[in-house]
Every structure is written in C-alpha cells, then in structure tokens.
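Source file: structure-v1.tsv; contents: TSV, C-alpha atoms.
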```
chain	number	residue	atom	x	y	z
A	1	MET	CA	-16.20	-46.14	-13.79
A	2	THR	CA	-12.96	-45.65	-15.72
A	3	ILE	CA	-12.52	-43.20	-18.58
A	4	THR	CA	-9.39	-43.58	-20.70
A	5	ASN	CA	-8.08	-42.23	-23.99
A	6	TYR	CA	-10.76	-39.55	-24.22
A	7	PRO	CA	-9.53	-36.45	-26.14
A	8	TYR	CA	-9.49	-33.82	-23.36
A	9	THR	CA	-7.56	-31.16	-25.30
A	10	GLY	CA	-8.95	-27.72	-24.55
A	11	LYS	CA	-12.15	-29.14	-23.05
A	12	ASN	CA	-14.29	-27.13	-20.69
A	13	LEU	CA	-15.34	-29.72	-18.13
A	14	SER	CA	-16.86	-27.18	-15.74
A	15	ASP	CA	-19.92	-27.79	-13.59
A	16	VAL	CA	-19.84	-31.56	-14.12
A	17	ASN	CA	-20.07	-34.27	-11.46
A	18	PHE	CA	-17.01	-36.50	-11.85
A	19	SER	CA	-17.32	-38.05	-8.38
A	20	ASN	CA	-15.98	-41.58	-8.03
A	21	LEU	CA	-14.60	-41.64	-11.60
A	22	ASP	CA	-11.25	-43.15	-12.49
A	23	LEU	CA	-9.55	-40.66	-14.81
A	24	SER	CA	-6.07	-42.03	-14.18
A	25	GLY	CA	-3.44	-42.10	-16.90
A	26	ASN	CA	-5.20	-39.62	-19.18
A	27	ILE	CA	-3.56	-36.62	-20.82
A	28	PHE	CA	-5.46	-33.37	-20.38
A	29	ASN	CA	-4.40	-30.24	-22.22
A	30	CYS	CA	-5.46	-27.10	-20.29
A	31	PRO	CA	-8.78	-28.51	-19.03
A	32	LYS	CA	-11.19	-26.41	-16.99
A	33	PHE	CA	-12.93	-28.21	-14.15
A	34	ASN	CA	-14.40	-25.00	-12.66
A	35	GLY	CA	-17.33	-25.64	-10.33
A	36	SER	CA	-17.15	-29.41	-10.84
A	37	ILE	CA	-17.65	-32.02	-8.15
A	38	LEU	CA	-14.70	-34.41	-8.12
A	39	LYS	CA	-15.13	-36.25	-4.81
A	40	ASN	CA	-13.15	-39.50	-4.75
A	41	ALA	CA	-11.97	-38.92	-8.34
A	42	ASN	CA	-8.80	-40.76	-9.34
A	43	PHE	CA	-6.33	-38.64	-11.33
A	44	ASN	CA	-3.30	-40.86	-10.59
A	45	GLY	CA	-0.62	-40.63	-13.29
A	46	THR	CA	-2.61	-38.01	-15.18
A	47	ASN	CA	-1.08	-35.07	-17.06
A	48	LEU	CA	-3.00	-32.01	-15.83
A	49	GLN	CA	-0.55	-29.23	-16.73
A	50	HIS	CA	-2.21	-25.80	-16.85
A	51	ALA	CA	-5.55	-27.19	-15.60
A	52	GLN	CA	-8.04	-24.98	-13.76
A	53	PHE	CA	-9.81	-26.22	-10.65
A	54	TYR	CA	-11.78	-23.15	-9.46
A	55	GLY	CA	-14.50	-23.66	-6.86
A	56	VAL	CA	-14.30	-27.46	-7.04
A	57	ASP	CA	-14.83	-30.17	-4.44
A	58	LEU	CA	-11.85	-32.54	-4.56
A	59	THR	CA	-12.55	-34.28	-1.25
A	60	ASN	CA	-10.66	-37.62	-1.20
A	61	ALA	CA	-9.42	-37.14	-4.80
A	62	THR	CA	-6.05	-38.70	-5.63
A	63	PHE	CA	-3.32	-37.19	-7.80
A	64	ARG	CA	-0.48	-39.67	-7.10
A	65	GLY	CA	2.23	-39.34	-9.74
A	66	SER	CA	0.26	-36.74	-11.72
A	67	ASP	CA	1.85	-33.80	-13.50
A	68	LEU	CA	0.26	-30.69	-11.99
A	69	ARG	CA	2.80	-28.10	-13.15
A	70	ASN	CA	1.20	-24.66	-13.55
A	71	THR	CA	-2.20	-25.99	-12.48
A	72	HIS	CA	-4.48	-23.59	-10.59
A	73	PHE	CA	-6.54	-24.67	-7.60
A	74	GLU	CA	-8.65	-21.76	-6.36
A	75	ASP	CA	-11.37	-21.80	-3.70
A	76	ALA	CA	-11.12	-25.60	-3.84
A	77	GLN	CA	-12.12	-28.07	-1.13
A	78	LEU	CA	-9.12	-30.39	-0.74
A	79	SER	CA	-9.99	-32.41	2.37
A	80	CYS	CA	-8.05	-35.69	2.30
A	81	ALA	CA	-6.85	-35.06	-1.28
A	82	ASP	CA	-3.69	-37.06	-2.01
A	83	PHE	CA	-0.85	-35.32	-3.88
A	84	MET	CA	1.90	-37.85	-3.02
A	85	GLY	CA	4.48	-38.09	-5.80
A	86	ALA	CA	2.70	-35.51	-7.96
A	87	VAL	CA	4.82	-32.93	-9.78
A	88	VAL	CA	3.52	-29.65	-8.33
A	89	GLN	CA	6.16	-27.16	-9.52
A	90	ASP	CA	4.44	-23.76	-9.89
A	91	ALA	CA	1.00	-25.21	-9.15
A	92	ARG	CA	-1.05	-22.53	-7.37
A	93	PHE	CA	-3.30	-23.23	-4.41
A	94	ILE	CA	-5.30	-20.05	-3.75
A	95	ARG	CA	-7.81	-19.85	-0.87
A	96	CYS	CA	-8.10	-23.65	-0.76
A	97	THR	CA	-9.47	-25.40	2.30
A	98	GLY	CA	-9.00	-28.84	3.78
A	99	LEU	CA	-5.23	-29.27	3.43
A	100	THR	CA	-3.41	-30.18	6.62
A	101	GLU	CA	-0.43	-28.09	7.67
A	102	ALA	CA	1.84	-31.05	6.87
A	103	ALA	CA	0.33	-31.35	3.36
A	104	GLU	CA	0.77	-27.60	2.77
A	105	ASN	CA	4.41	-27.74	3.88
A	106	ASN	CA	5.04	-30.77	1.67
A	107	LEU	CA	3.53	-29.03	-1.38
A	108	LYS	CA	5.60	-25.89	-0.72
A	109	LYS	CA	8.81	-27.92	-0.46
A	110	ARG	CA	8.06	-29.44	-3.85
A	111	GLY	CA	7.57	-26.04	-5.53
A	112	ALA	CA	3.84	-25.35	-5.18
A	113	ILE	CA	2.68	-21.79	-4.48
A	114	LEU	CA	0.18	-21.50	-1.63
A	115	ASP	CA	-1.81	-18.41	-0.80
A	116	PRO	CA	-2.77	-18.79	2.84
A	117	ILE	CA	-6.44	-18.55	3.68
A	118	SER	CA	-5.61	-16.93	7.02
A	119	SER	CA	-5.46	-13.45	5.48
A	120	ILE	CA	-8.95	-13.97	4.03
A	121	ILE	CA	-10.23	-15.11	7.42
A	122	ASP	CA	-8.61	-12.10	9.12
A	123	ARG	CA	-10.27	-9.67	6.68
A	124	ARG	CA	-13.60	-11.42	7.01
A	125	TRP	CA	-13.29	-11.35	10.83
A	126	TRP	CA	-12.55	-7.61	10.82
A	127	ILE	CA	-15.51	-6.90	8.55
A	128	GLU	CA	-17.97	-9.13	10.43
A	129	LYS	CA	-16.79	-8.49	14.00
A	130	VAL	CA	-15.57	-4.89	13.89
A	131	LEU	CA	-16.68	-2.81	10.90
A	132	ILE	CA	-20.30	-3.95	10.59
A	133	PRO	CA	-21.09	-3.74	14.34
A	134	THR	CA	-19.40	-0.33	14.56
A	135	ALA	CA	-21.33	0.99	11.57
A	136	ALA	CA	-24.58	-0.41	12.98
A	137	LEU	CA	-23.87	1.23	16.34
A	138	LEU	CA	-23.12	4.59	14.75
A	139	ILE	CA	-26.20	4.49	12.53
A	140	GLY	CA	-28.45	3.20	15.33
A	141	THR	CA	-27.38	5.91	17.78
A	142	GLY	CA	-27.35	8.72	15.28
A	143	GLY	CA	-23.56	8.68	15.49
A	144	ILE	CA	-22.96	9.35	11.81
A	145	VAL	CA	-25.39	12.27	11.84
A	146	SER	CA	-23.70	13.63	14.97
A	147	ILE	CA	-20.24	13.27	13.43
A	148	THR	CA	-21.45	15.06	10.28
A	149	GLN	CA	-22.97	17.87	12.33
A	150	VAL	CA	-19.77	18.27	14.37
A	151	SER	CA	-17.73	18.40	11.15
A	152	GLU	CA	-20.00	21.05	9.65
A	153	HIS	CA	-19.90	23.04	12.88
A	154	LYS	CA	-16.07	22.91	12.95
A	155	MET	CA	-15.90	23.95	9.29
A	156	HIS	CA	-18.21	26.88	9.96
A	157	LYS	CA	-16.05	27.95	12.92
A	158	SER	CA	-12.89	27.72	10.85
A	159	LEU	CA	-14.06	30.28	8.27
A	160	PRO	CA	-12.39	33.70	8.60
A	161	HIS	CA	-14.50	36.20	10.55
A	162	SER	CA	-14.65	38.56	7.56
A	163	ILE	CA	-16.25	35.86	5.36
A	164	GLU	CA	-18.75	34.86	8.03
A	165	HIS	CA	-20.18	38.36	8.41
A	166	THR	CA	-20.01	39.63	4.84
A	167	GLN	CA	-23.00	41.70	3.95
A	168	THR	CA	-24.37	42.43	0.52
A	169	ILE	CA	-24.33	46.12	-0.30
A	170	PRO	CA	-27.25	47.26	-2.44
A	171	LYS	CA	-26.21	48.57	-5.90
A	172	ASN	CA	-27.70	52.01	-5.36
A	173	ASN	CA	-25.38	52.59	-2.37
A	174	LEU	CA	-22.22	52.14	-4.46
A	175	HIS	CA	-21.06	55.69	-5.23
```

Please, can you express the file's structure as structure tokens?
Amino acid sequence: MTITNYPYTGKNLSDVNFSNLDLSGNIFNCPKFNGSILKNANFNGTNLQHAQFYGVDLTNATFRGSDLRNTHFEDAQLSCADFMGAVVQDARFIRCTGLTEAAENNLKKRGAILDPISSIIDRRWWIEKVLIPTAALLIGTGGIVSITQVSEHKMHKSLPHSIEHTQTIPKNNLH
C-alpha cells in the first residue's frame, strides 16, 4: 500500500503498525513514530528531519535518499535497514540494535552520531553476573548482617575509653 501527499506535519504516529507500507517521497515535519512497527516500510526519498523513532522495529525498512538530519533513533531494531544515500548529518542512533559494524561505520562517516550499545551490555553484565549474585550470596550467608555487626563492633572499640565507661552521678552526690 502506498500513502502519498498526506499532511504529516506535527503528527504523532506512535504505536501504529506501518509494516509493508510505501511512505516514499512524503514530507514529514517532526513526526513521532515512537513504539510503532515499521517492518519493511519504504521511506525512500522521504523528508524525515527531526523525526523520533523510539522503541520501533525498522527491520528491513529502507531510507534510500531520505533526509534524516537531526532524526533520533533510540532503542530501535534496525536489522537489515537500508540507509544508502540518506542524509544522516546529526542523526542520533542511541542503543539501537541490528546494524552491522560496516553500516555503523558508514553512518558515522556521513555525520551520524552513534551511541554504542556495548556500554549498556557491559553495565547489564556487571549487574546480572556480579552485583546480583554477590548480593544474594551475602544475604543468603548472613554476610550483610555479619558486616554490619563487625562495623558496629569496630565503632564501639574506636570510642575513647573515657566515653565508654562514663557513669551517671546521682544529683544528691553533687556537692
């Protein structure tokens, strides 16, 4: 199905299934496709400046010759997406998956800004593989309670001897 000459200015096109649609040649003005499914969508020759593609599936979508300046792709699935000949100056690709290393390098050379997913994976790995198991081990073995008790014991030992053994003198003995 082909959609042409539809007034897309300022439209919120979020959470819509645009799979297999031909949207080529249209002019969009700051559209929001957040959460939409755009598998096999054809955006060839489309003006998509300042568009938002957050959490979208763009598997096999084509953007050949499109103007994607200042467009934001975030948490997008981009497997086999085609950006050949698209203007990508200052387009942002944040935590996107599915791009080959060659495609990423090509986009960077043409002025796109890519935030690598590797740092997200590294953080996730540390949380899942190190922090959670360590916390579970400490809780399961009473480790946190033991650490707290050791800390309290050290604090008690660090108090000056005069404070530790201070006695209250009854008021009637103050003369």

Measuring atom to atom with only C-alpha atoms, identify which of A:Asp115, A:Glu104, A:Asp57, A:Asp75 is nearest to Lys39 (chain A).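 Comparing A:Asp115, A:Glu104, A:Asp57, A:Asp75 against Lys39 (chain A), the winner is A:Asp57.
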
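With all atoms listed in the file as the atoms that count, the minimum distance from Asn70 (chain A) to the choices A:Asn42, A:Ser36, A:Asn29, A:Thr97 is reached by A:Asn29.
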
Point (5.3, -26.0, -8.6), cut-off 6 Å, counting all atoms listed in the file, residues as a list of chain:residue names: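 Residues with an atom close enough to that point: A:Arg69, A:Val88, A:Gln89, A:Asp90, A:Ala91, A:Gly111, A:Ala112.
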
Ranking A:Leu114, A:Met84, A:Val16, A:Ile127 by minimum distance to Ile37 (chain A) and counting only C-alpha atoms, which one comes first? A:Val16

Point out the residue among A:Val87, A:Asn12, A:Asn26, A:Ile132 with the least atom-to-atom distance to Thr71 (chain A), counting only C-alpha atoms. A:Val87

What is the CA of Gln77 (chain A) to CA of Leu58 (chain A) distance in Å?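 Result for CA of Gln77 (chain A) versus CA of Leu58 (chain A): 5.6 Å, one decimal.
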
Expected axis-aligned box over every listed atom of region 104-116 of chain A, 8 Å added per side, centre plus edges in Å to one decimal, as JSON:
```
{"center_x": 3.0, "center_y": -24.6, "center_z": -0.8, "size_x": 27.6, "size_y": 28.4, "size_z": 25.4}
```

Nearest to Gly65 (chain A) among A:Ser24, A:Asn105, A:Gln52, A:Asn17, with distances taken over all atoms listed in the file: which residue is it? A:Ser24

Do you have the CA of Asn20 (chain A)-CA of Leu38 (chain A) distance handy?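 Separation of CA of Asn20 (chain A) and CA of Leu38 (chain A): 7.3 Å.
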
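Between CA of Glu101 (chain A) and CA of Phe28 (chain A) the interatomic distance comes to 29.0 Å.
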
Taking (-2.2, -35.9, -11.3) as a centre in this file's frame and 8 Å as the limit, can you find every polymer residue with an atom that close, using all atoms listed in the file, and give them as a list in words?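 Protein, DNA and RNA residues close to (-2.2, -35.9, -11.3): Ser24, Phe43, Asn44, Gly45, Thr46, Asn47, Leu48, Thr62, Phe63, Arg64, Gly65, Ser66, Asp67, Leu68, Phe83, Ala86 and Val87 of chain A.
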
Selected residues written out with C-alpha atoms, as a short mmCIF file (atom, residue, chain, number, x, y, z; two decimals), in the frame of the given file:
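Once written, out33.cif looks like this:
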```cif
data_model
loop_
_atom_site.label_atom_id
_atom_site.label_comp_id
_atom_site.auth_asym_id
_atom_site.auth_seq_id
_atom_site.Cartn_x
_atom_site.Cartn_y
_atom_site.Cartn_z
CA SER A 24 -6.07 -42.03 -14.18
CA PHE A 43 -6.33 -38.64 -11.33
CA ASN A 44 -3.30 -40.86 -10.59
CA GLY A 45 -0.62 -40.63 -13.29
CA THR A 46 -2.61 -38.01 -15.18
CA ASN A 47 -1.08 -35.07 -17.06
CA LEU A 48 -3.00 -32.01 -15.83
CA THR A 62 -6.05 -38.70 -5.63
CA PHE A 63 -3.32 -37.19 -7.80
CA ARG A 64 -0.48 -39.67 -7.10
CA GLY A 65 2.23 -39.34 -9.74
CA SER A 66 0.26 -36.74 -11.72
CA ASP A 67 1.85 -33.80 -13.50
CA LEU A 68 0.26 -30.69 -11.99
CA PHE A 83 -0.85 -35.32 -3.88
CA ALA A 86 2.70 -35.51 -7.96
CA VAL A 87 4.82 -32.93 -9.78
#
```

Using all atoms listed in the file, which residues sit within 7 Å of Phe53 (chain A) once same-chain residues fewer than 3 positions away are excluded, as a PyMOL selection string? chain A and resi 32-34+56+72-74+76

Could you tell me which of A:Leu78, A:Arg110, A:Ala41, A:Ile139 comes closest to Cys96 (chain A) if we count only C-alpha atoms?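 Checking each candidate against Cys96 (chain A), we get A:Leu78 as the closest.
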
Fill-in result for region 51-84 of chain A, N, CA and C atoms as a PDB file, in the frame of the given file:
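Once everything was written out, this is part.pdb:
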```
ATOM      1  N   ALA A  51      -4.113 -26.968 -15.866  1.00  0.00           N
ATOM      2  CA  ALA A  51      -5.550 -27.190 -15.600  1.00  0.00           C
ATOM      3  C   ALA A  51      -6.069 -26.130 -14.639  1.00  0.00           C
ATOM      4  N   GLN A  52      -7.375 -25.903 -14.680  1.00  0.00           N
ATOM      5  CA  GLN A  52      -8.040 -24.980 -13.760  1.00  0.00           C
ATOM      6  C   GLN A  52      -9.033 -25.766 -12.909  1.00  0.00           C
ATOM      7  N   PHE A  53      -8.889 -25.619 -11.600  1.00  0.00           N
ATOM      8  CA  PHE A  53      -9.810 -26.220 -10.650  1.00  0.00           C
ATOM      9  C   PHE A  53     -10.328 -25.088  -9.745  1.00  0.00           C
ATOM     10  N   TYR A  54     -11.246 -24.274 -10.235  1.00  0.00           N
ATOM     11  CA  TYR A  54     -11.780 -23.150  -9.460  1.00  0.00           C
ATOM     12  C   TYR A  54     -13.126 -23.548  -8.861  1.00  0.00           C
ATOM     13  N   GLY A  55     -13.244 -23.391  -7.529  1.00  0.00           N
ATOM     14  CA  GLY A  55     -14.500 -23.660  -6.860  1.00  0.00           C
ATOM     15  C   GLY A  55     -14.936 -25.118  -6.943  1.00  0.00           C
ATOM     16  N   VAL A  56     -13.989 -26.030  -6.904  1.00  0.00           N
ATOM     17  CA  VAL A  56     -14.300 -27.460  -7.040  1.00  0.00           C
ATOM     18  C   VAL A  56     -14.250 -28.164  -5.691  1.00  0.00           C
ATOM     19  N   ASP A  57     -14.905 -29.314  -5.623  1.00  0.00           N
ATOM     20  CA  ASP A  57     -14.830 -30.170  -4.440  1.00  0.00           C
ATOM     21  C   ASP A  57     -13.996 -31.388  -4.812  1.00  0.00           C
ATOM     22  N   LEU A  58     -12.779 -31.442  -4.295  1.00  0.00           N
ATOM     23  CA  LEU A  58     -11.850 -32.540  -4.560  1.00  0.00           C
ATOM     24  C   LEU A  58     -11.644 -33.392  -3.306  1.00  0.00           C
ATOM     25  N   THR A  59     -12.657 -33.487  -2.466  1.00  0.00           N
ATOM     26  CA  THR A  59     -12.550 -34.280  -1.250  1.00  0.00           C
ATOM     27  C   THR A  59     -12.198 -35.727  -1.618  1.00  0.00           C
ATOM     28  N   ASN A  60     -11.149 -36.244  -0.995  1.00  0.00           N
ATOM     29  CA  ASN A  60     -10.660 -37.620  -1.200  1.00  0.00           C
ATOM     30  C   ASN A  60     -10.182 -37.915  -2.621  1.00  0.00           C
ATOM     31  N   ALA A  61      -9.955 -36.907  -3.443  1.00  0.00           N
ATOM     32  CA  ALA A  61      -9.420 -37.140  -4.800  1.00  0.00           C
ATOM     33  C   ALA A  61      -7.943 -37.515  -4.687  1.00  0.00           C
ATOM     34  N   THR A  62      -7.462 -38.306  -5.638  1.00  0.00           N
ATOM     35  CA  THR A  62      -6.050 -38.700  -5.630  1.00  0.00           C
ATOM     36  C   THR A  62      -5.362 -38.234  -6.906  1.00  0.00           C
ATOM     37  N   PHE A  63      -4.136 -37.712  -6.706  1.00  0.00           N
ATOM     38  CA  PHE A  63      -3.320 -37.190  -7.800  1.00  0.00           C
ATOM     39  C   PHE A  63      -1.931 -37.833  -7.766  1.00  0.00           C
ATOM     40  N   ARG A  64      -1.794 -39.029  -7.245  1.00  0.00           N
ATOM     41  CA  ARG A  64      -0.480 -39.670  -7.100  1.00  0.00           C
ATOM     42  C   ARG A  64       0.215 -39.796  -8.460  1.00  0.00           C
ATOM     43  N   GLY A  65       1.445 -39.247  -8.512  1.00  0.00           N
ATOM     44  CA  GLY A  65       2.230 -39.340  -9.740  1.00  0.00           C
ATOM     45  C   GLY A  65       1.731 -38.490 -10.897  1.00  0.00           C
ATOM     46  N   SER A  66       0.795 -37.600 -10.650  1.00  0.00           N
ATOM     47  CA  SER A  66       0.260 -36.740 -11.720  1.00  0.00           C
ATOM     48  C   SER A  66       1.189 -35.559 -11.976  1.00  0.00           C
ATOM     49  N   ASP A  67       1.094 -35.000 -13.155  1.00  0.00           N
ATOM     50  CA  ASP A  67       1.850 -33.800 -13.500  1.00  0.00           C
ATOM     51  C   ASP A  67       0.909 -32.612 -13.355  1.00  0.00           C
ATOM     52  N   LEU A  68       1.117 -31.836 -12.300  1.00  0.00           N
ATOM     53  CA  LEU A  68       0.260 -30.690 -11.990  1.00  0.00           C
ATOM     54  C   LEU A  68       0.991 -29.356 -12.165  1.00  0.00           C
ATOM     55  N   ARG A  69       2.044 -29.353 -12.955  1.00  0.00           N
ATOM     56  CA  ARG A  69       2.800 -28.100 -13.150  1.00  0.00           C
ATOM     57  C   ARG A  69       1.881 -27.023 -13.727  1.00  0.00           C
ATOM     58  N   ASN A  70       1.965 -25.841 -13.124  1.00  0.00           N
ATOM     59  CA  ASN A  70       1.200 -24.660 -13.550  1.00  0.00           C
ATOM     60  C   ASN A  70      -0.319 -24.855 -13.479  1.00  0.00           C
ATOM     61  N   THR A  71      -0.768 -25.784 -12.680  1.00  0.00           N
ATOM     62  CA  THR A  71      -2.200 -25.990 -12.480  1.00  0.00           C
ATOM     63  C   THR A  71      -2.682 -25.035 -11.403  1.00  0.00           C
ATOM     64  N   HIS A  72      -3.909 -24.541 -11.540  1.00  0.00           N
ATOM     65  CA  HIS A  72      -4.480 -23.590 -10.590  1.00  0.00           C
ATOM     66  C   HIS A  72      -5.628 -24.219  -9.832  1.00  0.00           C
ATOM     67  N   PHE A  73      -5.472 -24.248  -8.502  1.00  0.00           N
ATOM     68  CA  PHE A  73      -6.540 -24.670  -7.600  1.00  0.00           C
ATOM     69  C   PHE A  73      -6.964 -23.410  -6.851  1.00  0.00           C
ATOM     70  N   GLU A  74      -8.191 -22.980  -7.027  1.00  0.00           N
ATOM     71  CA  GLU A  74      -8.650 -21.760  -6.360  1.00  0.00           C
ATOM     72  C   GLU A  74     -10.013 -21.992  -5.738  1.00  0.00           C
ATOM     73  N   ASP A  75     -10.137 -21.597  -4.458  1.00  0.00           N
ATOM     74  CA  ASP A  75     -11.370 -21.800  -3.700  1.00  0.00           C
ATOM     75  C   ASP A  75     -11.812 -23.264  -3.769  1.00  0.00           C
ATOM     76  N   ALA A  76     -10.843 -24.166  -3.721  1.00  0.00           N
ATOM     77  CA  ALA A  76     -11.120 -25.600  -3.840  1.00  0.00           C
ATOM     78  C   ALA A  76     -11.176 -26.258  -2.467  1.00  0.00           C
ATOM     79  N   GLN A  77     -12.041 -27.241  -2.320  1.00  0.00           N
ATOM     80  CA  GLN A  77     -12.120 -28.070  -1.130  1.00  0.00           C
ATOM     81  C   GLN A  77     -11.200 -29.258  -1.355  1.00  0.00           C
ATOM     82  N   LEU A  78     -10.138 -29.367  -0.533  1.00  0.00           N
ATOM     83  CA  LEU A  78      -9.120 -30.390  -0.740  1.00  0.00           C
ATOM     84  C   LEU A  78      -8.990 -31.339   0.449  1.00  0.00           C
ATOM     85  N   SER A  79     -10.051 -31.519   1.215  1.00  0.00           N
ATOM     86  CA  SER A  79      -9.990 -32.410   2.370  1.00  0.00           C
ATOM     87  C   SER A  79      -9.604 -33.819   1.926  1.00  0.00           C
ATOM     88  N   CYS A  80      -8.545 -34.333   2.549  1.00  0.00           N
ATOM     89  CA  CYS A  80      -8.050 -35.690   2.300  1.00  0.00           C
ATOM     90  C   CYS A  80      -7.617 -35.933   0.853  1.00  0.00           C
ATOM     91  N   ALA A  81      -7.381 -34.880   0.079  1.00  0.00           N
ATOM     92  CA  ALA A  81      -6.850 -35.060  -1.280  1.00  0.00           C
ATOM     93  C   ALA A  81      -5.410 -35.547  -1.175  1.00  0.00           C
ATOM     94  N   ASP A  82      -5.005 -36.419  -2.072  1.00  0.00           N
ATOM     95  CA  ASP A  82      -3.690 -37.060  -2.010  1.00  0.00           C
ATOM     96  C   ASP A  82      -2.840 -36.591  -3.193  1.00  0.00           C
ATOM     97  N   PHE A  83      -1.757 -35.849  -2.865  1.00  0.00           N
ATOM     98  CA  PHE A  83      -0.850 -35.320  -3.880  1.00  0.00           C
ATOM     99  C   PHE A  83       0.528 -35.999  -3.815  1.00  0.00           C
ATOM    100  N   MET A  84       0.620 -37.162  -3.178  1.00  0.00           N
ATOM    101  CA  MET A  84       1.900 -37.850  -3.020  1.00  0.00           C
ATOM    102  C   MET A  84       2.512 -38.160  -4.394  1.00  0.00           C
TER     103      MET A  84
END
```
